[in-house]
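Enquirer: Input run-v6.txt, format and content: compact mmCIF, N, CA and C atoms.
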```txt
# COMPACT_ATOMS: atom_id res chain seq x y z
N ASN A 1 0.85 -1.19 0.00
CA ASN A 1 0.00 0.00 0.00
C ASN A 1 0.89 1.25 0.00
N ILE A 2 0.67 2.13 -0.94
CA ILE A 2 1.48 3.34 -1.08
C ILE A 2 0.73 4.53 -0.50
N ARG A 3 1.42 5.31 0.32
CA ARG A 3 0.81 6.51 0.92
C ARG A 3 0.61 7.56 -0.17
N PRO A 4 -0.56 8.20 -0.20
CA PRO A 4 -0.79 9.27 -1.19
C PRO A 4 0.26 10.37 -1.05
N TYR A 5 0.66 10.90 -2.20
CA TYR A 5 1.76 11.86 -2.23
C TYR A 5 1.33 13.29 -1.92
N ASP A 6 0.33 13.78 -2.61
CA ASP A 6 0.01 15.21 -2.54
C ASP A 6 -0.98 15.51 -1.42
N LEU A 7 -0.49 16.17 -0.39
CA LEU A 7 -1.35 16.53 0.74
C LEU A 7 -1.64 18.02 0.77
N ASN A 8 -1.30 18.74 -0.28
CA ASN A 8 -1.51 20.19 -0.30
C ASN A 8 -2.82 20.60 -0.96
N ASN A 9 -3.33 19.81 -1.91
CA ASN A 9 -4.60 20.14 -2.56
C ASN A 9 -5.72 19.69 -1.64
N ARG A 10 -6.43 20.67 -1.09
CA ARG A 10 -7.36 20.31 -0.02
C ARG A 10 -8.48 21.32 0.16
N VAL A 11 -9.48 20.85 0.91
CA VAL A 11 -10.59 21.69 1.35
C VAL A 11 -10.37 21.93 2.85
N GLU A 12 -10.50 23.17 3.28
CA GLU A 12 -10.23 23.54 4.68
C GLU A 12 -11.22 22.89 5.63
N SER A 13 -10.82 22.73 6.87
CA SER A 13 -11.70 22.19 7.92
C SER A 13 -11.80 23.19 9.06
N GLU A 14 -12.86 23.07 9.82
CA GLU A 14 -13.03 23.92 11.01
C GLU A 14 -11.91 23.67 12.01
N VAL A 15 -11.48 22.42 12.12
CA VAL A 15 -10.40 22.07 13.05
C VAL A 15 -9.12 22.82 12.68
N ALA A 16 -8.77 22.81 11.38
CA ALA A 16 -7.55 23.50 10.94
C ALA A 16 -7.64 25.00 11.19
N LEU A 17 -8.81 25.57 10.99
CA LEU A 17 -8.99 27.01 11.26
C LEU A 17 -8.79 27.31 12.74
N LYS A 18 -9.26 26.43 13.61
CA LYS A 18 -9.07 26.62 15.05
C LYS A 18 -7.61 26.46 15.45
N VAL A 19 -6.93 25.49 14.83
CA VAL A 19 -5.49 25.30 15.07
C VAL A 19 -4.74 26.57 14.69
N ALA A 20 -5.03 27.10 13.51
CA ALA A 20 -4.36 28.31 13.02
C ALA A 20 -4.64 29.51 13.93
N ALA A 21 -5.84 29.60 14.46
CA ALA A 21 -6.21 30.72 15.32
C ALA A 21 -5.38 30.74 16.61
N ARG A 22 -4.89 29.59 17.03
CA ARG A 22 -4.09 29.50 18.26
C ARG A 22 -2.60 29.71 18.01
N MET A 23 -2.21 29.83 16.76
CA MET A 23 -0.79 29.95 16.41
C MET A 23 -0.31 31.39 16.45
N ALA A 24 1.01 31.53 16.63
CA ALA A 24 1.63 32.85 16.50
C ALA A 24 1.53 33.29 15.04
N GLU A 25 1.63 34.58 14.81
CA GLU A 25 1.44 35.13 13.46
C GLU A 25 2.36 34.52 12.41
N ASN A 26 3.59 34.18 12.78
CA ASN A 26 4.56 33.67 11.81
C ASN A 26 4.58 32.14 11.71
N GLU A 27 3.72 31.45 12.45
CA GLU A 27 3.67 29.99 12.38
C GLU A 27 2.75 29.55 11.25
N ILE A 28 3.05 28.37 10.68
CA ILE A 28 2.25 27.87 9.56
C ILE A 28 1.65 26.50 9.87
N VAL A 29 0.51 26.23 9.27
CA VAL A 29 -0.14 24.92 9.36
C VAL A 29 0.42 24.06 8.23
N VAL A 30 0.96 22.90 8.59
CA VAL A 30 1.54 21.99 7.60
C VAL A 30 0.77 20.68 7.67
N GLU A 31 0.40 20.17 6.53
CA GLU A 31 -0.40 18.95 6.45
C GLU A 31 0.47 17.71 6.52
N GLY A 32 -0.06 16.66 7.13
CA GLY A 32 0.60 15.36 7.10
C GLY A 32 1.45 15.01 8.30
N TYR A 33 1.47 15.85 9.32
CA TYR A 33 2.26 15.59 10.52
C TYR A 33 1.34 15.30 11.70
N SER A 34 1.68 14.30 12.49
CA SER A 34 0.82 13.92 13.61
C SER A 34 0.77 15.00 14.69
N GLU A 35 1.74 15.91 14.70
CA GLU A 35 1.74 16.99 15.70
C GLU A 35 0.67 18.03 15.41
N ILE A 36 0.23 18.11 14.16
CA ILE A 36 -0.80 19.09 13.77
C ILE A 36 -1.90 18.34 13.04
N LEU A 37 -2.91 17.91 13.75
CA LEU A 37 -4.04 17.21 13.12
C LEU A 37 -5.04 18.25 12.64
N THR A 38 -5.33 18.24 11.34
CA THR A 38 -6.19 19.26 10.75
C THR A 38 -7.54 18.73 10.29
N PHE A 39 -7.62 17.47 9.98
CA PHE A 39 -8.84 16.84 9.47
C PHE A 39 -9.37 17.54 8.22
N ARG A 40 -8.45 18.04 7.40
CA ARG A 40 -8.83 18.64 6.12
C ARG A 40 -9.22 17.53 5.15
N SER A 41 -10.07 17.88 4.19
CA SER A 41 -10.43 16.95 3.11
C SER A 41 -9.37 17.09 2.02
N LEU A 42 -8.58 16.05 1.83
CA LEU A 42 -7.47 16.08 0.89
C LEU A 42 -7.90 15.49 -0.45
N ILE A 43 -7.64 16.21 -1.53
CA ILE A 43 -8.10 15.78 -2.85
C ILE A 43 -7.52 14.43 -3.25
N THR A 44 -6.35 14.09 -2.73
CA THR A 44 -5.74 12.81 -3.08
C THR A 44 -6.62 11.64 -2.68
N TYR A 45 -7.47 11.83 -1.66
CA TYR A 45 -8.36 10.76 -1.23
C TYR A 45 -9.69 10.75 -2.00
N PHE A 46 -9.94 11.76 -2.82
CA PHE A 46 -11.14 11.81 -3.64
C PHE A 46 -10.97 11.06 -4.95
N TYR A 47 -9.73 10.75 -5.32
CA TYR A 47 -9.46 10.12 -6.62
C TYR A 47 -10.13 8.76 -6.73
N ASP A 48 -10.77 8.55 -7.86
CA ASP A 48 -11.39 7.27 -8.18
C ASP A 48 -11.12 6.99 -9.65
N ALA A 49 -10.33 5.98 -9.94
CA ALA A 49 -9.94 5.67 -11.32
C ALA A 49 -11.14 5.39 -12.21
N LYS A 50 -12.27 5.01 -11.63
CA LYS A 50 -13.47 4.70 -12.41
C LYS A 50 -14.32 5.93 -12.65
N ASP A 51 -14.03 7.04 -11.99
CA ASP A 51 -14.84 8.25 -12.08
C ASP A 51 -14.47 9.06 -13.32
N HIS A 52 -15.31 10.00 -13.66
CA HIS A 52 -15.10 10.88 -14.80
C HIS A 52 -13.93 11.82 -14.51
N VAL A 53 -13.04 12.02 -15.48
CA VAL A 53 -11.84 12.82 -15.24
C VAL A 53 -12.08 14.33 -15.29
N ASN A 54 -13.22 14.77 -15.75
CA ASN A 54 -13.48 16.21 -15.89
C ASN A 54 -14.33 16.79 -14.77
N ILE A 55 -14.37 16.15 -13.63
CA ILE A 55 -15.11 16.68 -12.48
C ILE A 55 -14.27 17.77 -11.83
N GLU A 56 -14.90 18.91 -11.52
CA GLU A 56 -14.20 20.00 -10.83
C GLU A 56 -14.70 20.11 -9.41
N MET A 57 -13.82 20.55 -8.53
CA MET A 57 -14.22 20.85 -7.16
C MET A 57 -13.46 22.07 -6.68
N GLN A 58 -14.09 22.84 -5.80
CA GLN A 58 -13.44 24.02 -5.24
C GLN A 58 -12.48 23.59 -4.15
N LEU A 59 -11.33 24.27 -4.11
CA LEU A 59 -10.31 23.98 -3.11
C LEU A 59 -9.98 25.23 -2.30
N ASP A 60 -9.43 24.99 -1.12
CA ASP A 60 -8.95 26.08 -0.27
C ASP A 60 -7.43 26.15 -0.25
N GLY A 61 -6.78 25.13 -0.75
CA GLY A 61 -5.32 25.12 -0.81
C GLY A 61 -4.86 24.25 -1.95
N VAL A 62 -3.75 24.62 -2.57
CA VAL A 62 -3.21 23.84 -3.68
C VAL A 62 -1.72 23.62 -3.50
N GLY A 63 -1.24 22.53 -4.07
CA GLY A 63 0.19 22.26 -4.12
C GLY A 63 0.77 22.85 -5.39
N GLY A 64 2.07 22.91 -5.47
CA GLY A 64 2.72 23.54 -6.61
C GLY A 64 3.03 22.61 -7.76
N GLY A 65 2.62 21.35 -7.69
CA GLY A 65 2.94 20.40 -8.74
C GLY A 65 2.40 20.77 -10.09
N ALA A 66 1.21 21.29 -10.15
CA ALA A 66 0.59 21.67 -11.43
C ALA A 66 -0.40 22.80 -11.18
N VAL A 67 0.10 24.02 -11.18
CA VAL A 67 -0.75 25.18 -10.94
C VAL A 67 -0.83 26.00 -12.22
N ILE A 68 -2.05 26.29 -12.63
CA ILE A 68 -2.27 27.18 -13.76
C ILE A 68 -3.03 28.38 -13.20
N ALA A 69 -2.44 29.56 -13.31
CA ALA A 69 -3.07 30.77 -12.78
C ALA A 69 -3.23 31.78 -13.90
N LYS A 70 -4.37 32.45 -13.91
CA LYS A 70 -4.60 33.51 -14.88
C LYS A 70 -3.69 34.69 -14.57
N ALA A 71 -3.23 35.36 -15.60
CA ALA A 71 -2.35 36.52 -15.42
C ALA A 71 -3.02 37.58 -14.57
N ASP A 72 -4.34 37.72 -14.70
CA ASP A 72 -5.09 38.70 -13.91
C ASP A 72 -4.91 38.47 -12.41
N VAL A 73 -4.81 37.21 -12.00
CA VAL A 73 -4.65 36.89 -10.58
C VAL A 73 -3.35 37.50 -10.06
N HIS A 74 -2.28 37.33 -10.81
CA HIS A 74 -0.99 37.91 -10.39
C HIS A 74 -1.02 39.43 -10.54
N GLY A 75 -1.77 39.92 -11.51
CA GLY A 75 -1.93 41.37 -11.68
C GLY A 75 -2.61 42.01 -10.49
N GLU A 76 -3.42 41.23 -9.78
CA GLU A 76 -4.10 41.70 -8.56
C GLU A 76 -3.19 41.58 -7.34
N ARG A 77 -1.94 41.22 -7.55
CA ARG A 77 -0.91 41.10 -6.51
C ARG A 77 -1.00 39.80 -5.70
N ALA A 78 -1.69 38.80 -6.21
CA ALA A 78 -1.69 37.49 -5.56
C ALA A 78 -0.40 36.78 -5.99
N ILE A 79 0.45 36.49 -5.02
CA ILE A 79 1.77 35.92 -5.32
C ILE A 79 2.00 34.66 -4.49
N PHE A 80 2.99 33.87 -4.90
CA PHE A 80 3.38 32.70 -4.13
C PHE A 80 4.28 33.19 -3.00
N LEU A 81 3.79 33.06 -1.79
CA LEU A 81 4.39 33.72 -0.63
C LEU A 81 5.55 32.95 -0.01
N LEU A 82 6.55 33.70 0.40
CA LEU A 82 7.67 33.12 1.15
C LEU A 82 7.54 33.42 2.63
N PHE A 83 6.44 34.05 3.02
CA PHE A 83 6.19 34.37 4.42
C PHE A 83 4.79 33.89 4.78
N SER A 84 4.53 33.78 6.06
CA SER A 84 3.24 33.30 6.54
C SER A 84 2.12 34.30 6.24
N PHE A 85 1.06 33.82 5.63
CA PHE A 85 -0.13 34.63 5.34
C PHE A 85 -1.32 33.82 5.80
N TYR A 86 -1.96 34.25 6.89
CA TYR A 86 -3.02 33.46 7.51
C TYR A 86 -2.56 32.03 7.77
N HIS A 87 -1.32 31.89 8.22
CA HIS A 87 -0.72 30.63 8.64
C HIS A 87 -0.46 29.67 7.49
N LEU A 88 -0.33 30.19 6.28
CA LEU A 88 0.00 29.38 5.11
C LEU A 88 1.09 30.08 4.32
N ILE A 89 1.86 29.31 3.54
CA ILE A 89 2.92 29.88 2.70
C ILE A 89 2.80 29.34 1.28
N GLU A 90 3.58 29.91 0.39
CA GLU A 90 3.75 29.47 -0.99
C GLU A 90 2.40 29.32 -1.69
N THR A 91 2.20 28.17 -2.36
CA THR A 91 0.97 27.99 -3.14
C THR A 91 -0.27 27.97 -2.27
N GLU A 92 -0.15 27.45 -1.05
CA GLU A 92 -1.30 27.42 -0.16
C GLU A 92 -1.66 28.84 0.29
N GLY A 93 -0.66 29.66 0.48
CA GLY A 93 -0.91 31.05 0.87
C GLY A 93 -1.57 31.85 -0.23
N VAL A 94 -1.18 31.59 -1.48
CA VAL A 94 -1.77 32.35 -2.60
C VAL A 94 -3.26 32.06 -2.73
N THR A 95 -3.70 30.86 -2.36
CA THR A 95 -5.14 30.58 -2.43
C THR A 95 -5.91 31.44 -1.44
N ASN A 96 -5.29 31.73 -0.30
CA ASN A 96 -5.95 32.61 0.67
C ASN A 96 -6.01 34.05 0.18
N MET A 97 -5.11 34.41 -0.72
CA MET A 97 -5.13 35.76 -1.29
C MET A 97 -6.15 35.88 -2.41
N THR A 98 -6.38 34.81 -3.16
CA THR A 98 -7.23 34.90 -4.35
C THR A 98 -8.71 34.97 -4.05
N LYS A 99 -9.16 34.28 -3.04
CA LYS A 99 -10.61 34.25 -2.75
C LYS A 99 -11.17 35.62 -2.41
N PRO A 100 -10.53 36.42 -1.56
CA PRO A 100 -11.06 37.77 -1.30
C PRO A 100 -11.05 38.66 -2.55
N LEU A 101 -10.23 38.30 -3.54
CA LEU A 101 -10.19 39.06 -4.79
C LEU A 101 -11.27 38.61 -5.77
N GLY A 102 -12.05 37.60 -5.37
CA GLY A 102 -13.17 37.15 -6.20
C GLY A 102 -12.85 36.00 -7.14
N TYR A 103 -11.70 35.36 -6.97
CA TYR A 103 -11.32 34.24 -7.83
C TYR A 103 -11.66 32.91 -7.16
N GLU A 104 -11.85 31.89 -7.98
CA GLU A 104 -12.08 30.54 -7.49
C GLU A 104 -10.80 29.73 -7.65
N VAL A 105 -10.64 28.76 -6.76
CA VAL A 105 -9.53 27.82 -6.86
C VAL A 105 -10.17 26.46 -7.13
N LEU A 106 -9.87 25.89 -8.29
CA LEU A 106 -10.51 24.65 -8.72
C LEU A 106 -9.49 23.56 -9.01
N ALA A 107 -9.94 22.33 -8.84
CA ALA A 107 -9.15 21.16 -9.26
C ALA A 107 -10.04 20.30 -10.10
```
Could the structure of this file be written out as structure tokens, please?

Expert:
Amino acid sequence: NIRPYDLNNRVESEVALKVAARMAENEIVVEGYSEILTFRSLITYFYDAKDHVNIEMQLDGVGGGAVIAKADVHGERAIFLLFSFYHLIETEGVTNMTKPLGYEVLA
């Protein structure tokens, strides 16, 4: 049995939001560690080889393996962050920037 690889593409959970609320401003929530249980819905567990490949779902966080972003999103100053933004960094942090700007994050 092989452990799923991508734990960054996910839907947020109330538990993870509560964990983040207790953290210092510069701390980040990282998925996949027993020290930080988030109970997020991870897209890797939604995969079904028998299902239709063109199904879309909204996400709250994405990994950097395959990201396609519209130029307008970056024009609105949504960037891949090297610092903590609402307790997330990099591709996961940019998803937190895009939603208030009116964009959707889809997989």

Enquirer: Taking the chain letters and numbering used in this document, name the residues of chain A that DSSP puts in alpha helix (DSSP H), as a list of chain:residue names.

Expert: A:Glu14, A:Val15, A:Ala16, A:Leu17, A:Lys18, A:Val19, A:Ala20, A:Ala21, A:Ala71, A:Asp72, A:Val73, A:His74, A:Gly75, A:Glu90, A:Thr91, A:Glu92, A:Gly93, A:Val94, A:Thr95, A:Asn96, A:Met97, A:Thr98

Enquirer: So how many Å separate CA of Glu92 in chain A and CA of Arg10 in chain A, to one decimal?

Expert: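 Between CA of Glu92 in chain A and CA of Arg10 in chain A the gap works out to 9.3 Å.
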
Enquirer: Ranking A:Val73, A:Ala16, A:Leu59, A:Leu101 by minimum distance to Val29 in chain A and counting only N, CA and C atoms, which one comes first?

Expert: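 The answer is A:Ala16, which sits nearest to Val29 in chain A.
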
Enquirer: I want to know what sits within 12 Å of range 64-69 of chain A, based on only C-alpha atoms, with residues of the same chain fewer than 5 positions away left out; could you give that as JSON, numbers by chain?

Expert: {"A": [5, 6, 7, 8, 9, 74, 75, 76, 78, 79, 80, 81, 89, 90, 91, 92, 93, 94, 95, 98, 103, 104, 105, 106, 107]}

Enquirer: I'd like to know which residues of chain A are strand (DSSP E or B) (by DSSP, run on the backbone); could you write them as a VMD selection string?

Expert: chain A and resid 10 to 11 41 to 42 58 61 81 to 85 88 to 89 106
